[in-house]
file input12.cif (mmCIF, C-alpha atoms)
data_work
#
loop_
_atom_site.group_PDB
_atom_site.id
_atom_site.type_symbol
_atom_site.label_atom_id
_atom_site.label_comp_id
_atom_site.auth_asym_id
_atom_site.auth_seq_id
_atom_site.Cartn_x
_atom_site.Cartn_y
_atom_site.Cartn_z
ATOM 1 C CA MET H 1 0.000 0.000 0.000
ATOM 2 C CA VAL H 2 1.500 3.301 -1.144
ATOM 3 C CA HIS H 3 1.922 6.176 1.327
ATOM 4 C CA ASP H 4 3.466 9.626 0.976
ATOM 5 C CA SER H 5 5.345 10.892 4.013
ATOM 6 C CA SER H 6 4.673 14.500 2.967
ATOM 7 C CA CYS H 7 0.879 13.973 2.798
ATOM 8 C CA ALA H 8 -1.309 15.201 5.682
ATOM 9 C CA TYR H 9 -3.709 12.267 5.240
ATOM 10 C CA CYS H 10 -0.994 9.607 5.069
ATOM 11 C CA VAL H 11 0.614 10.734 8.331
ATOM 12 C CA GLN H 12 -2.560 12.080 10.043
ATOM 13 C CA ALA H 13 -0.778 15.389 10.442
ATOM 14 C CA ASP H 14 -1.497 17.678 13.393
ATOM 15 C CA LYS H 15 -2.640 20.302 10.886
ATOM 16 C CA LEU H 16 -5.259 17.888 9.542
ATOM 17 C CA LEU H 17 -6.482 17.053 13.035
ATOM 18 C CA GLN H 18 -6.970 20.736 13.806
ATOM 19 C CA SER H 19 -9.786 20.727 11.226
ATOM 20 C CA VAL H 20 -11.183 17.227 11.670
ATOM 21 C CA ALA H 21 -11.578 14.559 14.332
ATOM 22 C CA PRO H 22 -11.156 10.808 13.655
ATOM 23 C CA VAL H 23 -14.441 8.872 13.641
ATOM 24 C CA THR H 24 -13.578 5.343 12.547
ATOM 25 C CA GLU H 25 -11.784 3.163 10.021
ATOM 26 C CA LEU H 26 -13.701 1.217 7.389
ATOM 27 C CA ALA H 27 -12.441 -1.410 4.941
ATOM 28 C CA ALA H 28 -10.719 0.950 2.488
ATOM 29 C CA SER H 29 -10.991 4.317 4.213
ATOM 30 C CA LYS H 30 -10.624 6.476 7.274
ATOM 31 C CA VAL H 31 -13.578 8.638 8.324
ATOM 32 C CA TYR H 32 -13.213 12.068 9.912
ATOM 33 C CA LEU H 33 -15.704 14.594 11.294
ATOM 34 C CA TRP H 34 -15.280 18.238 10.304
ATOM 35 C CA ARG H 35 -14.868 20.246 13.540
ATOM 36 C CA ASP H 36 -16.563 23.317 12.038
ATOM 37 C CA GLY H 37 -20.264 23.038 12.823
ATOM 38 C CA THR H 38 -21.672 25.030 9.891
ATOM 39 C CA TYR H 39 -22.950 21.789 8.367
ATOM 40 C CA ARG H 40 -23.225 19.655 11.506
ATOM 41 C CA GLY H 41 -22.191 16.086 10.666
ATOM 42 C CA ARG H 42 -19.951 17.012 7.724
ATOM 43 C CA CYS H 43 -17.456 14.199 7.169
ATOM 44 C CA ILE H 44 -14.386 13.312 5.176
ATOM 45 C CA VAL H 45 -13.903 9.784 3.864
ATOM 46 C CA ALA H 46 -10.257 9.358 2.852
ATOM 47 C CA LEU H 47 -8.741 6.410 1.042
ATOM 48 C CA LYS H 48 -6.271 4.543 3.264
ATOM 49 C CA GLU H 49 -3.747 4.423 0.423
ATOM 50 C CA HIS H 50 -2.169 7.474 -1.201
ATOM 51 C CA LYS H 51 -3.804 7.757 -4.630
ATOM 52 C CA THR H 52 -5.060 10.799 -6.478
ATOM 53 C CA GLU H 53 -7.953 10.138 -8.851
ATOM 54 C CA LEU H 54 -10.835 7.668 -8.886
ATOM 55 C CA CYS H 55 -9.336 6.073 -11.991
ATOM 56 C CA ASP H 56 -6.098 5.344 -10.102
ATOM 57 C CA LEU H 57 -7.951 2.838 -7.879
ATOM 58 C CA ASP H 58 -8.299 -0.691 -9.238
ATOM 59 C CA GLU H 59 -11.790 -2.153 -9.456
ATOM 60 C CA ALA H 60 -11.748 -3.981 -6.142
ATOM 61 C CA GLN H 61 -10.408 -0.972 -4.231
ATOM 62 C CA ARG H 62 -12.862 1.388 -5.942
ATOM 63 C CA ASN H 63 -15.813 -0.826 -5.095
ATOM 64 C CA GLN H 64 -14.695 -1.214 -1.493
ATOM 65 C CA PHE H 65 -14.051 2.505 -1.072
ATOM 66 C CA MET H 66 -17.386 3.504 -2.610
ATOM 67 C CA SER H 67 -19.136 1.010 -0.355
ATOM 68 C CA ASP H 68 -17.534 2.822 2.588
ATOM 69 C CA VAL H 69 -18.650 6.209 1.225
ATOM 70 C CA SER H 70 -22.177 4.890 0.720
ATOM 71 C CA ARG H 71 -22.339 3.686 4.318
ATOM 72 C CA VAL H 72 -21.239 7.088 5.640
ATOM 73 C CA VAL H 73 -23.745 8.883 3.384
ATOM 74 C CA ALA H 74 -26.534 6.701 4.789
ATOM 75 C CA ALA H 75 -25.326 7.263 8.355
ATOM 76 C CA ILE H 76 -25.205 11.057 8.152
ATOM 77 C CA ARG H 77 -28.509 11.242 6.273
ATOM 78 C CA ALA H 78 -30.202 9.203 9.001
ATOM 79 C CA GLY H 79 -28.260 10.583 11.939
ATOM 80 C CA PHE H 80 -28.542 14.284 11.193
ATOM 81 C CA GLY H 81 -31.877 14.329 9.356
ATOM 82 C CA ALA H 82 -30.327 15.632 6.142
ATOM 83 C CA ASP H 83 -32.626 16.466 3.246
ATOM 84 C CA LYS H 84 -29.734 16.119 0.770
ATOM 85 C CA ILE H 85 -26.068 15.221 0.941
ATOM 86 C CA ASN H 86 -23.530 17.288 -1.020
ATOM 87 C CA TYR H 87 -20.322 15.533 -2.090
ATOM 88 C CA GLY H 88 -17.030 17.099 -3.125
ATOM 89 C CA ILE H 89 -13.538 16.015 -4.123
ATOM 90 C CA PHE H 90 -11.114 18.857 -4.862
ATOM 91 C CA GLY H 91 -7.520 18.382 -3.700
ATOM 92 C CA ASP H 92 -5.578 20.368 -6.287
ATOM 93 C CA THR H 93 -2.895 20.896 -3.665
ATOM 94 C CA VAL H 94 -3.825 18.026 -1.255
ATOM 95 C CA PRO H 95 -4.396 15.304 -3.845
ATOM 96 C CA HIS H 96 -4.820 12.330 -1.467
ATOM 97 C CA PHE H 97 -8.160 10.894 -2.631
ATOM 98 C CA HIS H 98 -10.893 11.980 -0.195
ATOM 99 C CA PHE H 99 -14.588 12.831 -0.301
ATOM 100 C CA HIS H 100 -16.213 15.700 1.572
ATOM 101 C CA LEU H 101 -19.734 14.615 2.587
ATOM 102 C CA VAL H 102 -21.948 17.480 3.677
ATOM 103 C CA PRO H 103 -25.450 17.088 5.145
ATOM 104 C CA LYS H 104 -27.808 19.849 3.971
ATOM 105 C CA LYS H 105 -31.194 20.783 5.395
ATOM 106 C CA LYS H 106 -34.050 22.690 3.783
ATOM 107 C CA ASN H 107 -33.991 25.182 6.641
ATOM 108 C CA GLY H 108 -30.185 25.177 6.969
ATOM 109 C CA PRO H 109 -27.196 27.000 5.491
ATOM 110 C CA ASP H 110 -26.882 27.245 1.696
ATOM 111 C CA TRP H 111 -29.925 25.118 0.896
ATOM 112 C CA GLY H 112 -30.414 25.103 -2.893
ATOM 113 C CA LYS H 113 -26.793 26.098 -3.503
ATOM 114 C CA PRO H 114 -23.594 24.021 -3.470
ATOM 115 C CA PHE H 115 -22.020 23.768 -0.007
ATOM 116 C CA VAL H 116 -19.215 26.232 0.731
ATOM 117 C CA PRO H 117 -16.076 24.028 0.923
ATOM 118 C CA ASN H 118 -14.023 26.390 3.102
ATOM 119 C CA PRO H 119 -16.033 28.399 5.617
ATOM 120 C CA VAL H 120 -15.185 32.095 5.805
ATOM 121 C CA GLU H 121 -14.804 31.741 9.561
ATOM 122 C CA PHE H 122 -13.947 28.333 11.069
ATOM 123 C CA LYS H 123 -16.357 27.854 13.999
ATOM 124 C CA SER H 124 -15.273 24.758 15.890
ATOM 125 C CA MET H 125 -17.831 22.784 17.838
ATOM 126 C CA THR H 126 -16.967 22.014 21.462
ATOM 127 C CA ASP H 127 -15.351 18.687 22.362
ATOM 128 C CA ALA H 128 -18.675 17.473 23.767
ATOM 129 C CA GLU H 129 -20.518 18.437 20.587
ATOM 130 C CA ILE H 130 -17.879 16.685 18.478
ATOM 131 C CA LEU H 131 -18.121 13.493 20.556
ATOM 132 C CA GLU H 132 -21.903 13.597 20.236
ATOM 133 C CA CYS H 133 -21.625 13.834 16.420
ATOM 134 C CA ILE H 134 -19.123 10.964 16.299
ATOM 135 C CA GLU H 135 -21.468 8.808 18.360
ATOM 136 C CA ILE H 136 -24.382 9.660 16.023
ATOM 137 C CA ILE H 137 -22.353 8.622 12.983
ATOM 138 C CA LYS H 138 -21.023 5.412 14.511
ATOM 139 C CA SER H 139 -24.418 4.342 15.788
ATOM 140 C CA ASN H 140 -25.936 4.867 12.325
ATOM 141 C CA LEU H 141 -23.225 3.011 10.376
ATOM 142 C CA LYS H 142 -24.769 -0.164 9.009
ATOM 143 C CA MET E 1 -36.047 1.385 -13.671
ATOM 144 C CA VAL E 2 -37.543 4.391 -11.875
ATOM 145 C CA HIS E 3 -37.957 7.712 -13.708
ATOM 146 C CA ASP E 4 -39.516 11.009 -12.658
ATOM 147 C CA SER E 5 -41.390 12.871 -15.376
ATOM 148 C CA SER E 6 -40.728 16.190 -13.617
ATOM 149 C CA CYS E 7 -36.929 15.642 -13.558
ATOM 150 C CA ALA E 8 -34.759 17.436 -16.135
ATOM 151 C CA TYR E 9 -32.352 14.482 -16.309
ATOM 152 C CA CYS E 10 -35.046 11.825 -16.678
ATOM 153 C CA VAL E 11 -36.674 13.606 -19.647
ATOM 154 C CA GLN E 12 -33.476 15.259 -21.036
ATOM 155 C CA ALA E 13 -35.266 18.597 -20.757
ATOM 156 C CA ASP E 14 -34.549 21.450 -23.179
ATOM 157 C CA LYS E 15 -33.416 23.491 -20.190
ATOM 158 C CA LEU E 16 -30.785 20.859 -19.363
ATOM 159 C CA LEU E 17 -29.567 20.751 -22.956
ATOM 160 C CA GLN E 18 -29.092 24.523 -22.946
ATOM 161 C CA SER E 19 -26.287 23.997 -20.429
ATOM 162 C CA VAL E 20 -24.880 20.663 -21.580
ATOM 163 C CA ALA E 21 -24.477 18.582 -24.737
ATOM 164 C CA PRO E 22 -24.890 14.789 -24.836
ATOM 165 C CA VAL E 23 -21.613 12.895 -25.207
ATOM 166 C CA THR E 24 -22.464 9.208 -24.865
ATOM 167 C CA GLU E 25 -24.260 6.565 -22.839
ATOM 168 C CA LEU E 26 -22.349 4.123 -20.673
ATOM 169 C CA ALA E 27 -23.603 1.048 -18.810
ATOM 170 C CA ALA E 28 -25.321 2.849 -15.921
ATOM 171 C CA SER E 29 -25.052 6.494 -16.927
ATOM 172 C CA LYS E 30 -25.423 9.236 -19.490
ATOM 173 C CA VAL E 31 -22.478 11.572 -20.065
ATOM 174 C CA TYR E 32 -22.842 15.257 -20.921
ATOM 175 C CA LEU E 33 -20.350 17.997 -21.763
ATOM 176 C CA TRP E 34 -20.776 21.367 -20.046
ATOM 177 C CA ARG E 35 -21.208 23.993 -22.795
ATOM 178 C CA ASP E 36 -19.518 26.678 -20.689
ATOM 179 C CA GLY E 37 -15.814 26.576 -21.497
ATOM 180 C CA THR E 38 -14.408 27.942 -18.239
ATOM 181 C CA TYR E 39 -13.112 24.473 -17.418
ATOM 182 C CA ARG E 40 -12.841 23.007 -20.917
ATOM 183 C CA GLY E 41 -13.870 19.353 -20.838
ATOM 184 C CA ARG E 42 -16.100 19.647 -17.772
ATOM 185 C CA CYS E 43 -18.590 16.779 -17.806
ATOM 186 C CA ILE E 44 -21.666 15.503 -16.034
ATOM 187 C CA VAL E 45 -22.148 11.786 -15.458
ATOM 188 C CA ALA E 46 -25.793 11.161 -14.567
ATOM 189 C CA LEU E 47 -27.304 7.885 -13.391
ATOM 190 C CA LYS E 48 -29.777 6.514 -15.954
ATOM 191 C CA GLU E 49 -32.294 5.818 -13.213
ATOM 192 C CA HIS E 50 -33.870 8.465 -10.979
ATOM 193 C CA LYS E 51 -32.249 8.036 -7.583
ATOM 194 C CA THR E 52 -30.991 10.642 -5.127
ATOM 195 C CA GLU E 53 -28.099 9.499 -2.946
ATOM 196 C CA LEU E 54 -25.222 7.091 -3.407
ATOM 197 C CA CYS E 55 -26.719 4.893 -0.700
ATOM 198 C CA ASP E 56 -29.957 4.557 -2.707
ATOM 199 C CA LEU E 57 -28.101 2.569 -5.399
ATOM 200 C CA ASP E 58 -27.750 -1.164 -4.795
ATOM 201 C CA GLU E 59 -24.250 -2.626 -4.870
ATOM 202 C CA ALA E 60 -24.290 -3.743 -8.518
ATOM 203 C CA GLN E 61 -25.638 -0.414 -9.753
ATOM 204 C CA ARG E 62 -23.190 1.541 -7.585
ATOM 205 C CA ASN E 63 -20.230 -0.448 -8.876
ATOM 206 C CA GLN E 64 -21.346 -0.084 -12.484
ATOM 207 C CA PHE E 65 -21.993 3.640 -12.125
ATOM 208 C CA MET E 66 -18.661 4.308 -10.413
ATOM 209 C CA SER E 67 -16.900 2.329 -13.138
ATOM 210 C CA ASP E 68 -18.512 4.713 -15.645
ATOM 211 C CA VAL E 69 -17.397 7.744 -13.611
ATOM 212 C CA SER E 70 -13.874 6.353 -13.388
ATOM 213 C CA ARG E 71 -13.708 5.908 -17.169
ATOM 214 C CA VAL E 72 -14.813 9.512 -17.757
ATOM 215 C CA VAL E 73 -12.306 10.810 -15.181
ATOM 216 C CA ALA E 74 -9.516 8.969 -17.005
ATOM 217 C CA ALA E 75 -10.723 10.260 -20.376
ATOM 218 C CA ILE E 76 -10.852 13.926 -19.403
ATOM 219 C CA ARG E 77 -7.554 13.717 -17.514
ATOM 220 C CA ALA E 78 -5.856 12.308 -20.600
ATOM 221 C CA GLY E 79 -7.807 14.242 -23.210
ATOM 222 C CA PHE E 80 -7.524 17.711 -21.712
ATOM 223 C CA GLY E 81 -4.200 17.390 -19.913
ATOM 224 C CA ALA E 82 -5.746 17.992 -16.488
ATOM 225 C CA ASP E 83 -3.437 18.228 -13.493
ATOM 226 C CA LYS E 84 -6.319 17.357 -11.144
ATOM 227 C CA ILE E 85 -9.989 16.516 -11.492
ATOM 228 C CA ASN E 86 -12.525 18.139 -9.159
ATOM 229 C CA TYR E 87 -15.741 16.201 -8.466
ATOM 230 C CA GLY E 88 -19.038 17.515 -7.128
ATOM 231 C CA ILE E 89 -22.525 16.244 -6.389
ATOM 232 C CA PHE E 90 -24.957 18.863 -5.066
ATOM 233 C CA GLY E 91 -28.548 18.639 -6.319
ATOM 234 C CA ASP E 92 -30.494 20.047 -3.370
ATOM 235 C CA THR E 93 -33.181 21.101 -5.854
ATOM 236 C CA VAL E 94 -32.242 18.787 -8.784
ATOM 237 C CA PRO E 95 -31.661 15.602 -6.795
ATOM 238 C CA HIS E 96 -31.232 13.166 -9.722
ATOM 239 C CA PHE E 97 -27.882 11.529 -8.890
ATOM 240 C CA HIS E 98 -25.161 13.092 -11.044
ATOM 241 C CA PHE E 99 -21.467 13.919 -10.773
ATOM 242 C CA HIS E 100 -19.841 17.107 -12.014
ATOM 243 C CA LEU E 101 -16.320 16.252 -13.224
ATOM 244 C CA VAL E 102 -14.110 19.281 -13.702
ATOM 245 C CA PRO E 103 -10.605 19.216 -15.229
ATOM 246 C CA LYS E 104 -8.264 21.673 -13.516
ATOM 247 C CA LYS E 105 -4.873 22.894 -14.700
ATOM 248 C CA LYS E 106 -2.027 24.436 -12.750
ATOM 249 C CA ASN E 107 -2.085 27.463 -15.038
ATOM 250 C CA GLY E 108 -5.900 27.501 -15.368
ATOM 251 C CA PRO E 109 -8.890 28.979 -13.526
ATOM 252 C CA ASP E 110 -9.209 28.446 -9.772
ATOM 253 C CA TRP E 111 -6.154 26.202 -9.417
ATOM 254 C CA GLY E 112 -5.675 25.422 -5.723
ATOM 255 C CA LYS E 113 -9.290 26.256 -4.922
ATOM 256 C CA PRO E 114 -12.474 24.228 -5.386
ATOM 257 C CA PHE E 115 -14.049 24.691 -8.813
ATOM 258 C CA VAL E 116 -16.862 27.250 -9.029
ATOM 259 C CA PRO E 117 -19.993 25.131 -9.674
ATOM 260 C CA ASN E 118 -22.056 27.872 -11.313
ATOM 261 C CA PRO E 119 -20.030 30.374 -13.364
ATOM 262 C CA VAL E 120 -20.892 34.014 -12.784
ATOM 263 C CA GLU E 121 -21.289 34.447 -16.532
ATOM 264 C CA PHE E 122 -22.147 31.410 -18.696
ATOM 265 C CA LYS E 123 -19.733 31.536 -21.665
ATOM 266 C CA SER E 124 -20.803 28.889 -24.161
ATOM 267 C CA MET E 125 -18.231 27.370 -26.477
ATOM 268 C CA THR E 126 -19.093 27.353 -30.190
ATOM 269 C CA ASP E 127 -20.711 24.284 -31.745
ATOM 270 C CA ALA E 128 -17.385 23.381 -33.361
ATOM 271 C CA GLU E 129 -15.541 23.685 -30.071
ATOM 272 C CA ILE E 130 -18.175 21.534 -28.353
ATOM 273 C CA LEU E 131 -17.933 18.838 -31.030
ATOM 274 C CA GLU E 132 -14.162 18.876 -30.694
ATOM 275 C CA CYS E 133 -14.430 18.331 -26.918
ATOM 276 C CA ILE E 134 -16.932 15.492 -27.401
ATOM 277 C CA GLU E 135 -14.571 13.808 -29.844
ATOM 278 C CA ILE E 136 -11.669 14.174 -27.403
ATOM 279 C CA ILE E 137 -13.693 12.543 -24.623
ATOM 280 C CA LYS E 138 -15.029 9.686 -26.777
ATOM 281 C CA SER E 139 -11.626 8.906 -28.253
ATOM 282 C CA ASN E 140 -10.098 8.723 -24.746
ATOM 283 C CA LEU E 141 -12.827 6.514 -23.224
ATOM 284 C CA LYS E 142 -11.276 3.132 -22.544
#
call {"tool": "encode", "arguments": {"input": "input12.cif", "output": "structure tokens"}}
result
Amino acid sequence: MVHDSSCAYCVQADKLLQSVAPVTELAASKVYLWRDGTYRGRCIVALKEHKTELCDLDEAQRNQFMSDVSRVVAAIRAGFGADKINYGIFGDTVPHFHFHLVPKKKNGPDWGKPFVPNPVEFKSMTDAEILECIEIIKSNLK
Amino acid sequence: MVHDSSCAYCVQADKLLQSVAPVTELAASKVYLWRDGTYRGRCIVALKEHKTELCDLDEAQRNQFMSDVSRVVAAIRAGFGADKINYGIFGDTVPHFHFHLVPKKKNGPDWGKPFVPNPVEFKSMTDAEILECIEIIKSNLK
């Protein structure tokens, strides 16, 4: 399994963990909760291996990874009462393959528009709020 | 296979085809080229069936659809010399499951930032330019 010692995801860098908190590991991925509470329950699902594009994964790894993503989508839809999930992969400068999964609500921020990937002001939830979100996700993972 | 007669993707509505041009059909999806040339080669890969979230697809359909997406990612990376692909699924108000696939270049628009889903000003390519892009994509589809 390929890793890159200069990649924040490969080494779980302190800088990464300032923005996100670890939730769990699945078959092909690691799951993180976004600490900013703008879209409560926003997650990252990152491939365990260092690859860049979907087409760089072989079929078995792609299917396993997308199964993981699907499980997290279902968990945050159920756990946070989302009306729609937004999904994003960007990574021009952090190319380690990872999905942003963002629960949206009809009465919540940016409904009807794409989610804002980088909030203007990072508003971290408290440790208790973060633990509560992690528990919601884990208890809804089927 | 479920369709929704009020969905722009299910009926290939005129309004949809003002923004995109059909490229091809793959096993589980239809592929469209974005007519706006801001990110030349930007595509949509839309599920043939009307479903909303990744977790609404069963395993076989999910694997087939993601294989289609992977093929289009590889084609636009190779065909347009992209340094990174950005991926987005939003659809709060158009929930038919579809990926935006956006080729990014180091010397091109918004490098290092997420792609802008809806351009401020829609600048359509000419018919000839659109046909050229479609040919590039089709000839790079493996």
call {"tool": "closest_residue", "arguments": {"input": "input12.cif", "among": "H:Val2, H:Ala74, H:Cys55, H:Ala21", "to": "H:Glu129", "atoms": "all atoms listed in the file"}}
result
H:Ala21
call {"tool": "residues_near_point", "arguments": {"input": "input12.cif", "point": "(-22.4, 17.7, -2.3)", "cutoff": "9 Å", "atoms": "only C-alpha atoms", "output": "PyMOL selection string"}}
result
(chain H and resi 84-88+100-104+114-115) or (chain E and resi 88-92)
call {"tool": "write_last_selection", "arguments": {"input": "input12.cif", "atoms": "C-alpha atoms", "output": "mmCIF file, keeping the file's coordinate frame"}}
result
data_model
loop_
_atom_site.group_PDB
_atom_site.id
_atom_site.type_symbol
_atom_site.label_atom_id
_atom_site.label_comp_id
_atom_site.auth_asym_id
_atom_site.auth_seq_id
_atom_site.Cartn_x
_atom_site.Cartn_y
_atom_site.Cartn_z
ATOM 1 C CA LYS H 84 -29.734 16.119 0.770
ATOM 2 C CA ILE H 85 -26.068 15.221 0.941
ATOM 3 C CA ASN H 86 -23.530 17.288 -1.020
ATOM 4 C CA TYR H 87 -20.322 15.533 -2.090
ATOM 5 C CA GLY H 88 -17.030 17.099 -3.125
ATOM 6 C CA HIS H 100 -16.213 15.700 1.572
ATOM 7 C CA LEU H 101 -19.734 14.615 2.587
ATOM 8 C CA VAL H 102 -21.948 17.480 3.677
ATOM 9 C CA PRO H 103 -25.450 17.088 5.145
ATOM 10 C CA LYS H 104 -27.808 19.849 3.971
ATOM 11 C CA PRO H 114 -23.594 24.021 -3.470
ATOM 12 C CA PHE H 115 -22.020 23.768 -0.007
ATOM 13 C CA GLY E 88 -19.038 17.515 -7.128
ATOM 14 C CA ILE E 89 -22.525 16.244 -6.389
ATOM 15 C CA PHE E 90 -24.957 18.863 -5.066
ATOM 16 C CA GLY E 91 -28.548 18.639 -6.319
ATOM 17 C CA ASP E 92 -30.494 20.047 -3.370
#
call {"tool": "resolve_selection", "arguments": {"input": "input12.cif", "expression": "the PyMOL selection byres ((chain H and resi 36-52) around 6)", "output": "list in words"}}
result
Met1, Val2, His3, Ala28, Ser29, Lys30, Val31, Tyr32, Leu33, Trp34, Arg35, Glu53, Pro95, His96, Phe97, His98, Phe99, His100, Leu101, Val102, Phe122, Lys123, Ser124 and Met125 of chain H
call {"tool": "write_last_selection", "arguments": {"input": "input12.cif", "atoms": "C-alpha atoms", "output": "PDB file, in the frame of the given file"}}
result
ATOM      1  CA  MET H   1       0.000   0.000   0.000  1.00  0.00           C
ATOM      2  CA  VAL H   2       1.500   3.301  -1.144  1.00  0.00           C
ATOM      3  CA  HIS H   3       1.922   6.176   1.327  1.00  0.00           C
ATOM      4  CA  ALA H  28     -10.719   0.950   2.488  1.00  0.00           C
ATOM      5  CA  SER H  29     -10.991   4.317   4.213  1.00  0.00           C
ATOM      6  CA  LYS H  30     -10.624   6.476   7.274  1.00  0.00           C
ATOM      7  CA  VAL H  31     -13.578   8.638   8.324  1.00  0.00           C
ATOM      8  CA  TYR H  32     -13.213  12.068   9.912  1.00  0.00           C
ATOM      9  CA  LEU H  33     -15.704  14.594  11.294  1.00  0.00           C
ATOM     10  CA  TRP H  34     -15.280  18.238  10.304  1.00  0.00           C
ATOM     11  CA  ARG H  35     -14.868  20.246  13.540  1.00  0.00           C
ATOM     12  CA  GLU H  53      -7.953  10.138  -8.851  1.00  0.00           C
ATOM     13  CA  PRO H  95      -4.396  15.304  -3.845  1.00  0.00           C
ATOM     14  CA  HIS H  96      -4.820  12.330  -1.467  1.00  0.00           C
ATOM     15  CA  PHE H  97      -8.160  10.894  -2.631  1.00  0.00           C
ATOM     16  CA  HIS H  98     -10.893  11.980  -0.195  1.00  0.00           C
ATOM     17  CA  PHE H  99     -14.588  12.831  -0.301  1.00  0.00           C
ATOM     18  CA  HIS H 100     -16.213  15.700   1.572  1.00  0.00           C
ATOM     19  CA  LEU H 101     -19.734  14.615   2.587  1.00  0.00           C
ATOM     20  CA  VAL H 102     -21.948  17.480   3.677  1.00  0.00           C
ATOM     21  CA  PHE H 122     -13.947  28.333  11.069  1.00  0.00           C
ATOM     22  CA  LYS H 123     -16.357  27.854  13.999  1.00  0.00           C
ATOM     23  CA  SER H 124     -15.273  24.758  15.890  1.00  0.00           C
ATOM     24  CA  MET H 125     -17.831  22.784  17.838  1.00  0.00           C
TER      25      MET H 125
END
call {"tool": "atom_distance", "arguments": {"input": "input12.cif", "atom1": "atom CA of E:Ala27", "atom2": "atom CA of E:Ser6"}}
result
23.4 Å
call {"tool": "closest_residue", "arguments": {"input": "input12.cif", "among": "H:Ser19, H:Ser67, H:Asn107, H:Thr126", "to": "chain E", "atoms": "all atoms listed in the file"}}
result
H:Ser67
call {"tool": "resolve_selection", "arguments": {"input": "input12.cif", "expression": "the PyMOL selection byres ((chain E and resi 80) around 8)", "output": "list in words"}}
result
Arg40, Gly41, Ile76, Arg77, Ala78, Gly79, Gly81, Ala82, Pro103 and Ile136 of chain E
call {"tool": "axis_aligned_box", "arguments": {"input": "input12.cif", "around": "stretch 30-39 of chain H", "padding_each_side": "6 Å", "output": "lines of an AutoDock Vina configuration file"}}
result
center_x = -16.8
center_y = 15.8
center_z = 10.4
size_x = 24.3
size_y = 30.6
size_z = 18.3
call {"tool": "closest_residue", "arguments": {"input": "input12.cif", "among": "H:Ile137, H:Val120, H:Ile130, H:Val73", "to": "chain E", "atoms": "all atoms listed in the file"}}
result
H:Val73
call {"tool": "decode", "arguments": {"input": "input12.cif", "residues": "stretch 39-78 of chain H", "atoms": "C-alpha atoms", "output": "PDB file, in the first residue's frame"}}
result
ATOM      1  CA  TYR H  39     -22.950  21.789   8.367  1.00  0.00           C
ATOM      2  CA  ARG H  40     -23.225  19.655  11.506  1.00  0.00           C
ATOM      3  CA  GLY H  41     -22.191  16.086  10.666  1.00  0.00           C
ATOM      4  CA  ARG H  42     -19.951  17.012   7.724  1.00  0.00           C
ATOM      5  CA  CYS H  43     -17.456  14.199   7.169  1.00  0.00           C
ATOM      6  CA  ILE H  44     -14.386  13.312   5.176  1.00  0.00           C
ATOM      7  CA  VAL H  45     -13.903   9.784   3.864  1.00  0.00           C
ATOM      8  CA  ALA H  46     -10.257   9.358   2.852  1.00  0.00           C
ATOM      9  CA  LEU H  47      -8.741   6.410   1.042  1.00  0.00           C
ATOM     10  CA  LYS H  48      -6.271   4.543   3.264  1.00  0.00           C
ATOM     11  CA  GLU H  49      -3.747   4.423   0.423  1.00  0.00           C
ATOM     12  CA  HIS H  50      -2.169   7.474  -1.201  1.00  0.00           C
ATOM     13  CA  LYS H  51      -3.804   7.757  -4.630  1.00  0.00           C
ATOM     14  CA  THR H  52      -5.060  10.799  -6.478  1.00  0.00           C
ATOM     15  CA  GLU H  53      -7.953  10.138  -8.851  1.00  0.00           C
ATOM     16  CA  LEU H  54     -10.835   7.668  -8.886  1.00  0.00           C
ATOM     17  CA  CYS H  55      -9.336   6.073 -11.991  1.00  0.00           C
ATOM     18  CA  ASP H  56      -6.098   5.344 -10.102  1.00  0.00           C
ATOM     19  CA  LEU H  57      -7.951   2.838  -7.879  1.00  0.00           C
ATOM     20  CA  ASP H  58      -8.299  -0.691  -9.238  1.00  0.00           C
ATOM     21  CA  GLU H  59     -11.790  -2.153  -9.456  1.00  0.00           C
ATOM     22  CA  ALA H  60     -11.748  -3.981  -6.142  1.00  0.00           C
ATOM     23  CA  GLN H  61     -10.408  -0.972  -4.231  1.00  0.00           C
ATOM     24  CA  ARG H  62     -12.862   1.388  -5.942  1.00  0.00           C
ATOM     25  CA  ASN H  63     -15.813  -0.826  -5.095  1.00  0.00           C
ATOM     26  CA  GLN H  64     -14.695  -1.214  -1.493  1.00  0.00           C
ATOM     27  CA  PHE H  65     -14.051   2.505  -1.072  1.00  0.00           C
ATOM     28  CA  MET H  66     -17.386   3.504  -2.610  1.00  0.00           C
ATOM     29  CA  SER H  67     -19.136   1.010  -0.355  1.00  0.00           C
ATOM     30  CA  ASP H  68     -17.534   2.822   2.588  1.00  0.00           C
ATOM     31  CA  VAL H  69     -18.650   6.209   1.225  1.00  0.00           C
ATOM     32  CA  SER H  70     -22.177   4.890   0.720  1.00  0.00           C
ATOM     33  CA  ARG H  71     -22.339   3.686   4.318  1.00  0.00           C
ATOM     34  CA  VAL H  72     -21.239   7.088   5.640  1.00  0.00           C
ATOM     35  CA  VAL H  73     -23.745   8.883   3.384  1.00  0.00           C
ATOM     36  CA  ALA H  74     -26.534   6.701   4.789  1.00  0.00           C
ATOM     37  CA  ALA H  75     -25.326   7.263   8.355  1.00  0.00           C
ATOM     38  CA  ILE H  76     -25.205  11.057   8.152  1.00  0.00           C
ATOM     39  CA  ARG H  77     -28.509  11.242   6.273  1.00  0.00           C
ATOM     40  CA  ALA H  78     -30.202   9.203   9.001  1.00  0.00           C
TER      41      ALA H  78
END
